Amino acid sequence: MSQAHLAYENRVNLGSYYTPPEIVDVAWEMIAPYVNSQTTVIDSACGYGDFLKDCGQAITIGCDIDETAISVAKKNNDAARFFQTNALCDVSRAKFSISQQSDLIVVGNPPYNDKTSLIRHNIKDVDFDIDEDLACRDLGISFLRSYNKLEAAVICVLHPLSYLIKPTNFRLLKEFTTNYRLIDGLLISSGEFPESAKHTPFPIVLALYQKDTRGMAYNFIRSFRFRPDGKSDFCLGDFDYINNYIDKYPKKNRPVDVERDGHHSEKDAPLFFWTMRDINALKRNRTFVENYSANTIVIDKQKLDYYAYVDVFKRNLHRLPFYFGNCDVLIDDNLFRQYKPAFVSDAVRHHPFLKKRFQINSIEKQQAVSGLDMYFKLLLGEHHV
């Protein structure tokens, strides 16, 4: 059930969103083999208690900071034990009356509210206490850290795929990834959640983790085969990425003589490109720009072909399924070299000022369209939309 008692602003800050029942059912199918009479199952951000079920002799616990949500959850489920408390403050098993001998399973859809994200940034204001060793810019990472602190045996929760596939985020989970190993990962679009559907869909993973002394390094994630619904397995390591060929971010120091002025001919004047983050950011941002700024890259002209590639890639994002959203721009360099005239022609057609910058001649529009179509079908294979 949607937490209708919360105003939109509070729903954002508490990360309180409705989880469709079919996703709840899949989560329980994933943890079912681990549930027995010695098990305690907890959802430490339970909202109205959608994830709490009567699972025989196992103890079921629900917790939420929202007093009204807990009141509703108690009416919906008289078999579970409930706590109205901040699950990220003074975290311990004792706080939830969980014995040290119990095999603890965590299930649910905890908040993932990144304070640094530009989406809804004007209303984000997390004002509750968080243990120092759990604190992070993103509440979802704080919750994963809390499960490690509770020494859960099994964890099955929803969180952005970016926590795992972006190296910077993965490093923030060091204590967690040292002690847990990903067993299964079902990819779900944020568009499946009614209150998120109006924004650019991003990939969420219903992740099943098991406590494991081997932990997992980033290379493990690069080789992991995630499960998109209705598609073949998705693995980061199956693709090459544009960051291996060009600069994605501006240099720290302002380059000398980057402005267009009378000292440059049109052919020799510097070229600029907007900062690149991931594929979803590329949907929102520009590519080639006319003037230098703190958010622009001064293009190394030896790599201009690859920047043209990104420009064309942006106009073909409709070919990619949602789960590539937080990935870097994909490329097959050998294939790109084969179809380069199609990319250059399309880039020049959309940015005529580039015409004098390339060493190869443009080709007819229809020939370019046909070449691009073939390239993306070969690049994406079964993932091509």
# chains A, B, ... in the order shown; residues from 1 in each chain; ligands from 1
>>> select_by_dssp(residues="segment 59-259 of chain A", states="strand (DSSP E)", output="VMD selection string")
chain A and resid 59 to 64 81 to 84 103 to 108 154 to 160 180 to 189 203 to 211 227 to 228 240 to 241
>>> residues_around(residues="Tyr323 of chain A", least_positions_apart="5", cutoff="9 Å", atoms="only C-alpha atoms", output="MDAnalysis selection string")
chainID A and resid 161 187:189 201:204 228 234
>>> closest_atom_pairs(of="segment 7-109 of chain A", to="segment 143-156 of chain A", cutoff="7 Å", atoms="only C-alpha atoms", output="JSON lines")
{"residue": "A:Ala27", "atom": "CA", "partner": "A:Cys156", "partner_atom": "CA", "distance": 6.5}
{"residue": "A:Ile31", "atom": "CA", "partner": "A:Cys156", "partner_atom": "CA", "distance": 7.0}
{"residue": "A:Leu88", "atom": "CA", "partner": "A:Ser146", "partner_atom": "CA", "distance": 6.7}
{"residue": "A:Val91", "atom": "CA", "partner": "A:Ser146", "partner_atom": "CA", "distance": 6.9}
{"residue": "A:Ser92", "atom": "CA", "partner": "A:Leu150", "partner_atom": "CA", "distance": 5.8}
{"residue": "A:Arg93", "atom": "CA", "partner": "A:Leu150", "partner_atom": "CA", "distance": 5.8}
{"residue": "A:Asp103", "atom": "CA", "partner": "A:Ala153", "partner_atom": "CA", "distance": 5.9}
{"residue": "A:Leu104", "atom": "CA", "partner": "A:Ala152", "partner_atom": "CA", "distance": 4.8}
{"residue": "A:Ile105", "atom": "CA", "partner": "A:Val154", "partner_atom": "CA", "distance": 4.8}
{"residue": "A:Val106", "atom": "CA", "partner": "A:Ile155", "partner_atom": "CA", "distance": 4.7}
{"residue": "A:Val107", "atom": "CA", "partner": "A:Cys156", "partner_atom": "CA", "distance": 4.8}
{"residue": "A:Gly108", "atom": "CA", "partner": "A:Cys156", "partner_atom": "CA", "distance": 6.8}
>>> select_by_dssp(residues="segment 247-368 of chain A", states="alpha helix (DSSP H)", output="ChimeraX atom specification")
/A:279-284,304-314,333-350,365-368
>>> write_last_selection(atoms="N, CA and C atoms", output="short mmCIF file (atom, residue, chain, number, x, y, z; two decimals), in the first residue's frame")
data_model
loop_
_atom_site.label_atom_id
_atom_site.label_comp_id
_atom_site.auth_asym_id
_atom_site.auth_seq_id
_atom_site.Cartn_x
_atom_site.Cartn_y
_atom_site.Cartn_z
N ILE A 279 25.01 6.78 -18.85
CA ILE A 279 24.08 6.83 -19.97
C ILE A 279 22.84 7.66 -19.62
N ASN A 280 22.31 7.53 -18.40
CA ASN A 280 21.14 8.33 -18.04
C ASN A 280 21.45 9.81 -18.00
N ALA A 281 22.66 10.17 -17.55
CA ALA A 281 23.06 11.58 -17.57
C ALA A 281 23.19 12.08 -19.00
N LEU A 282 23.65 11.22 -19.89
CA LEU A 282 23.79 11.59 -21.30
C LEU A 282 22.43 11.93 -21.90
N LYS A 283 21.38 11.29 -21.42
CA LYS A 283 20.03 11.60 -21.91
C LYS A 283 19.68 13.06 -21.63
N ARG A 284 20.13 13.57 -20.49
CA ARG A 284 19.75 14.92 -20.06
C ARG A 284 20.70 15.99 -20.59
N LEU A 304 38.83 13.00 -31.54
CA LEU A 304 37.56 13.60 -31.96
C LEU A 304 36.56 12.56 -32.45
N ASP A 305 37.05 11.53 -33.14
CA ASP A 305 36.15 10.48 -33.64
C ASP A 305 35.33 9.87 -32.51
N TYR A 306 35.97 9.69 -31.35
CA TYR A 306 35.27 9.04 -30.24
C TYR A 306 34.25 9.97 -29.60
N TYR A 307 34.52 11.26 -29.59
CA TYR A 307 33.51 12.21 -29.10
C TYR A 307 32.32 12.26 -30.06
N ALA A 308 32.59 12.16 -31.35
CA ALA A 308 31.50 12.07 -32.32
C ALA A 308 30.68 10.80 -32.07
N TYR A 309 31.37 9.74 -31.69
CA TYR A 309 30.69 8.47 -31.38
C TYR A 309 29.68 8.68 -30.23
N VAL A 310 30.12 9.37 -29.17
CA VAL A 310 29.23 9.62 -28.03
C VAL A 310 28.03 10.47 -28.45
N ASP A 311 28.28 11.47 -29.28
CA ASP A 311 27.21 12.33 -29.78
C ASP A 311 26.15 11.50 -30.51
N VAL A 312 26.58 10.58 -31.35
CA VAL A 312 25.64 9.73 -32.09
C VAL A 312 24.98 8.72 -31.15
N PHE A 313 25.76 8.21 -30.20
CA PHE A 313 25.23 7.25 -29.22
C PHE A 313 24.04 7.85 -28.49
N LYS A 314 24.13 9.13 -28.14
CA LYS A 314 23.05 9.82 -27.43
C LYS A 314 21.75 9.77 -28.23
N ASP A 333 35.30 -1.14 -30.29
CA ASP A 333 36.20 -0.30 -31.07
C ASP A 333 36.44 -0.83 -32.47
N ASN A 334 36.63 -2.13 -32.61
CA ASN A 334 36.86 -2.69 -33.95
C ASN A 334 35.64 -2.49 -34.84
N LEU A 335 34.47 -2.68 -34.26
CA LEU A 335 33.22 -2.48 -35.01
C LEU A 335 33.03 -1.01 -35.35
N PHE A 336 33.38 -0.14 -34.40
CA PHE A 336 33.26 1.30 -34.63
C PHE A 336 34.16 1.74 -35.79
N ARG A 337 35.36 1.24 -35.85
CA ARG A 337 36.27 1.60 -36.95
C ARG A 337 35.66 1.20 -38.29
N GLN A 338 34.95 0.09 -38.30
CA GLN A 338 34.32 -0.39 -39.53
C GLN A 338 33.19 0.54 -39.98
N TYR A 339 32.44 1.07 -39.01
CA TYR A 339 31.27 1.90 -39.32
C TYR A 339 31.51 3.39 -39.06
N LYS A 340 32.77 3.79 -38.92
CA LYS A 340 33.09 5.18 -38.58
C LYS A 340 32.48 6.21 -39.54
N PRO A 341 32.50 5.98 -40.86
CA PRO A 341 31.89 6.99 -41.75
C PRO A 341 30.43 7.29 -41.42
N ALA A 342 29.69 6.28 -40.96
CA ALA A 342 28.29 6.49 -40.60
C ALA A 342 28.19 7.40 -39.38
N PHE A 343 29.07 7.20 -38.41
CA PHE A 343 29.05 8.03 -37.19
C PHE A 343 29.46 9.46 -37.50
N VAL A 344 30.54 9.61 -38.25
CA VAL A 344 31.01 10.95 -38.59
C VAL A 344 29.95 11.71 -39.38
N SER A 345 29.32 11.05 -40.32
CA SER A 345 28.29 11.69 -41.15
C SER A 345 27.13 12.16 -40.30
N ASP A 346 26.71 11.33 -39.35
CA ASP A 346 25.59 11.71 -38.50
C ASP A 346 25.96 12.86 -37.57
N ALA A 347 27.18 12.85 -37.05
CA ALA A 347 27.63 13.94 -36.16
C ALA A 347 27.70 15.26 -36.93
N VAL A 348 28.24 15.23 -38.13
CA VAL A 348 28.36 16.44 -38.95
C VAL A 348 26.98 16.96 -39.35
N ARG A 349 26.06 16.04 -39.63
CA ARG A 349 24.71 16.44 -40.02
C ARG A 349 24.03 17.23 -38.90
N HIS A 350 24.31 16.85 -37.66
CA HIS A 350 23.70 17.54 -36.52
C HIS A 350 24.53 18.71 -36.01
N LYS A 365 22.85 10.17 -46.22
CA LYS A 365 22.10 9.97 -44.99
C LYS A 365 21.56 8.55 -44.85
N GLN A 366 20.95 8.03 -45.90
CA GLN A 366 20.35 6.71 -45.81
C GLN A 366 21.40 5.63 -45.57
N GLN A 367 22.56 5.80 -46.20
CA GLN A 367 23.66 4.85 -46.00
C GLN A 367 24.16 4.92 -44.55
N ALA A 368 24.23 6.15 -44.00
CA ALA A 368 24.65 6.32 -42.62
C ALA A 368 23.65 5.70 -41.66
#
>>> residues_around(residues="segment 70-86 of chain A", least_positions_apart="4", cutoff="10 Å", atoms="only C-alpha atoms", output="PyMOL selection string")
chain A and resi 3+41-50+52-56+58-66+90-91+95-97+128-130
>>> closest_residue(among="A:Thr168, A:Ser162, A:Leu208, A:Met374", to="Glu29 of chain A", atoms="only C-alpha atoms")
A:Leu208
>>> residues_around(residues="Pro160 of chain A", least_positions_apart="5", cutoff="12 Å", atoms="only C-alpha atoms", output="MDAnalysis selection string")
chainID A and resid 109:114 138:141 144 165:166 169:170 185:190 201:207 323 325:326
>>> write_last_selection(atoms="N, CA, C and O atoms", output="compact mmCIF listing (two decimals), in the first residue's frame")
# COMPACT_ATOMS: atom_id res chain seq x y z
N ASN A 109 12.58 -3.03 1.13
CA ASN A 109 12.89 -1.99 0.15
C ASN A 109 13.29 -0.73 0.92
O ASN A 109 12.50 0.20 1.06
N PRO A 110 14.52 -0.70 1.46
CA PRO A 110 14.94 0.43 2.29
C PRO A 110 15.07 1.71 1.47
O PRO A 110 15.18 1.66 0.24
N PRO A 111 15.06 2.86 2.13
CA PRO A 111 15.21 4.14 1.41
C PRO A 111 16.55 4.21 0.69
O PRO A 111 17.56 3.73 1.19
N TYR A 112 16.54 4.78 -0.51
CA TYR A 112 17.81 5.12 -1.17
C TYR A 112 17.68 6.56 -1.66
O TYR A 112 17.21 6.83 -2.74
N ASN A 113 18.07 7.46 -0.78
CA ASN A 113 17.92 8.90 -1.01
C ASN A 113 19.30 9.53 -1.06
O ASN A 113 19.91 9.80 -0.03
N ASP A 114 19.83 9.73 -2.25
CA ASP A 114 21.16 10.32 -2.42
C ASP A 114 21.06 11.83 -2.30
O ASP A 114 20.48 12.50 -3.15
N ASP A 138 24.17 8.62 0.88
CA ASP A 138 23.00 7.92 0.39
C ASP A 138 22.46 7.00 1.49
O ASP A 138 23.19 6.16 2.02
N LEU A 139 21.19 7.16 1.84
CA LEU A 139 20.59 6.36 2.90
C LEU A 139 20.63 4.86 2.59
O LEU A 139 20.74 4.04 3.50
N GLY A 140 20.52 4.50 1.33
CA GLY A 140 20.54 3.09 0.97
C GLY A 140 21.84 2.42 1.36
O GLY A 140 21.86 1.26 1.82
N ILE A 141 22.95 3.11 1.17
CA ILE A 141 24.25 2.58 1.57
C ILE A 141 24.34 2.48 3.08
O ILE A 141 24.88 1.51 3.63
N LEU A 144 22.55 -0.72 4.05
CA LEU A 144 23.36 -1.92 3.80
C LEU A 144 24.44 -2.07 4.86
O LEU A 144 24.71 -3.18 5.34
N ILE A 165 27.69 -1.33 -9.46
CA ILE A 165 28.43 -1.26 -10.72
C ILE A 165 29.28 0.00 -10.86
O ILE A 165 30.17 0.04 -11.71
N LYS A 166 29.02 1.03 -10.05
CA LYS A 166 29.86 2.23 -10.09
C LYS A 166 30.98 2.09 -9.06
O LYS A 166 30.71 1.99 -7.86
N ASN A 169 30.80 4.12 -5.77
CA ASN A 169 29.79 3.65 -4.83
C ASN A 169 30.20 2.33 -4.19
O ASN A 169 30.00 2.12 -2.99
N PHE A 170 30.78 1.45 -4.99
CA PHE A 170 31.21 0.15 -4.48
C PHE A 170 32.22 0.31 -3.35
O PHE A 170 32.19 -0.42 -2.35
N GLY A 185 20.67 -11.57 -8.52
CA GLY A 185 20.33 -10.17 -8.74
C GLY A 185 19.33 -10.02 -9.87
O GLY A 185 19.68 -10.20 -11.04
N LEU A 186 18.09 -9.71 -9.53
CA LEU A 186 17.04 -9.49 -10.52
C LEU A 186 16.94 -8.00 -10.80
O LEU A 186 16.77 -7.19 -9.89
N LEU A 187 17.04 -7.60 -12.07
CA LEU A 187 17.02 -6.19 -12.44
C LEU A 187 15.59 -5.72 -12.70
O LEU A 187 14.84 -6.37 -13.44
N ILE A 188 15.25 -4.59 -12.10
CA ILE A 188 13.91 -4.02 -12.17
C ILE A 188 14.04 -2.55 -12.50
O ILE A 188 14.91 -1.85 -11.97
N SER A 189 13.18 -2.04 -13.36
CA SER A 189 13.20 -0.62 -13.69
C SER A 189 12.50 0.18 -12.59
O SER A 189 11.47 -0.24 -12.06
N SER A 190 13.07 1.34 -12.25
CA SER A 190 12.40 2.22 -11.28
C SER A 190 11.03 2.65 -11.79
O SER A 190 10.17 3.07 -11.01
N PRO A 201 13.82 6.43 -15.95
CA PRO A 201 13.96 5.15 -15.24
C PRO A 201 15.43 4.79 -15.02
O PRO A 201 16.26 4.98 -15.89
N PHE A 202 15.72 4.30 -13.84
CA PHE A 202 17.07 3.83 -13.55
C PHE A 202 16.98 2.38 -13.06
O PHE A 202 15.93 1.95 -12.57
N PRO A 203 18.06 1.62 -13.18
CA PRO A 203 18.01 0.21 -12.81
C PRO A 203 18.10 -0.01 -11.30
O PRO A 203 18.95 0.55 -10.62
N ILE A 204 17.19 -0.81 -10.80
CA ILE A 204 17.18 -1.26 -9.40
C ILE A 204 17.45 -2.76 -9.42
O ILE A 204 17.01 -3.46 -10.33
N VAL A 205 18.16 -3.25 -8.42
CA VAL A 205 18.40 -4.69 -8.33
C VAL A 205 17.73 -5.23 -7.07
O VAL A 205 17.84 -4.64 -5.99
N LEU A 206 16.98 -6.31 -7.23
CA LEU A 206 16.52 -7.08 -6.08
C LEU A 206 17.65 -8.05 -5.80
O LEU A 206 17.81 -9.06 -6.50
N ALA A 207 18.47 -7.71 -4.81
CA ALA A 207 19.74 -8.40 -4.59
C ALA A 207 19.64 -9.37 -3.42
O ALA A 207 19.15 -9.01 -2.34
N TYR A 323 18.38 -1.20 -18.00
CA TYR A 323 19.43 -1.62 -17.06
C TYR A 323 20.83 -1.16 -17.47
O TYR A 323 21.79 -1.34 -16.71
N GLY A 325 21.29 2.03 -17.81
CA GLY A 325 21.21 3.44 -17.46
C GLY A 325 22.38 4.00 -16.67
O GLY A 325 22.77 5.15 -16.87
N ASN A 326 22.93 3.24 -15.74
CA ASN A 326 24.04 3.73 -14.92
C ASN A 326 25.40 3.28 -15.43
O ASN A 326 26.42 3.48 -14.75
>>> closest_residue(among="A:Tyr245, A:Phe288, A:Phe272, A:Phe322", to="Lys231 of chain A", atoms="only C-alpha atoms")
A:Phe322
>>> residues_around(residues="His383 of chain A", least_positions_apart="2", cutoff="10 Å", atoms="only C-alpha atoms", output="MDAnalysis selection string")
chainID A and resid 228 231:234 319:321 323:324 376:381 385
>>> decode(residues="segment 189-242 of chain A", atoms="C-alpha atoms", output="CSV table (one decimal), in the first residue's frame")
chain,number,residue,atom,x,y,z
A,189,SER,CA,13.2,-0.6,-13.7
A,190,SER,CA,12.4,2.2,-11.3
A,191,GLY,CA,9.5,2.8,-13.7
A,192,GLU,CA,7.8,-0.1,-12.0
A,193,PHE,CA,7.3,2.1,-9.0
A,194,PRO,CA,4.3,4.4,-9.6
A,195,GLU,CA,5.8,7.4,-7.7
A,196,SER,CA,9.1,7.2,-9.7
A,197,ALA,CA,7.6,6.7,-13.1
A,198,LYS,CA,7.7,10.4,-14.1
A,199,HIS,CA,11.5,10.5,-13.9
A,200,THR,CA,14.1,8.9,-16.2
A,201,PRO,CA,14.0,5.1,-15.2
A,202,PHE,CA,17.1,3.8,-13.6
A,203,PRO,CA,18.0,0.2,-12.8
A,204,ILE,CA,17.2,-1.3,-9.4
A,205,VAL,CA,18.4,-4.7,-8.3
A,206,LEU,CA,16.5,-7.1,-6.1
A,207,ALA,CA,19.7,-8.4,-4.6
A,208,LEU,CA,20.2,-11.6,-2.6
A,209,TYR,CA,23.4,-11.5,-0.4
A,210,GLN,CA,24.7,-14.2,1.8
A,211,LYS,CA,27.3,-13.8,4.6
A,212,ASP,CA,30.6,-15.1,3.2
A,213,THR,CA,34.1,-14.6,4.5
A,214,ARG,CA,35.3,-14.4,0.8
A,215,GLY,CA,33.4,-11.2,0.4
A,216,MET,CA,33.4,-9.7,-3.1
A,217,ALA,CA,35.8,-7.5,-5.0
A,218,TYR,CA,34.7,-5.2,-7.8
A,219,ASN,CA,36.0,-7.7,-10.4
A,220,PHE,CA,33.4,-10.1,-9.0
A,221,ILE,CA,30.7,-7.6,-9.8
A,222,ARG,CA,32.1,-7.1,-13.3
A,223,SER,CA,31.8,-10.8,-13.9
A,224,PHE,CA,28.4,-11.3,-12.2
A,225,ARG,CA,25.5,-12.2,-14.4
A,226,PHE,CA,22.4,-10.2,-13.5
A,227,ARG,CA,18.9,-11.2,-14.5
A,228,PRO,CA,16.9,-8.7,-16.5
A,229,ASP,CA,13.2,-9.8,-16.8
A,230,GLY,CA,12.6,-11.2,-20.3
A,231,LYS,CA,16.2,-10.7,-21.6
A,232,SER,CA,19.4,-12.7,-21.5
A,233,ASP,CA,21.8,-12.2,-18.6
A,234,PHE,CA,23.5,-8.8,-18.3
A,235,CYS,CA,27.2,-8.7,-17.4
A,236,LEU,CA,29.4,-5.6,-17.2
A,237,GLY,CA,32.4,-7.6,-18.4
A,238,ASP,CA,30.7,-8.4,-21.7
A,239,PHE,CA,31.3,-4.9,-23.0
A,240,ASP,CA,34.0,-2.3,-23.6
A,241,TYR,CA,33.4,1.3,-22.5
A,242,ILE,CA,34.2,4.8,-23.8
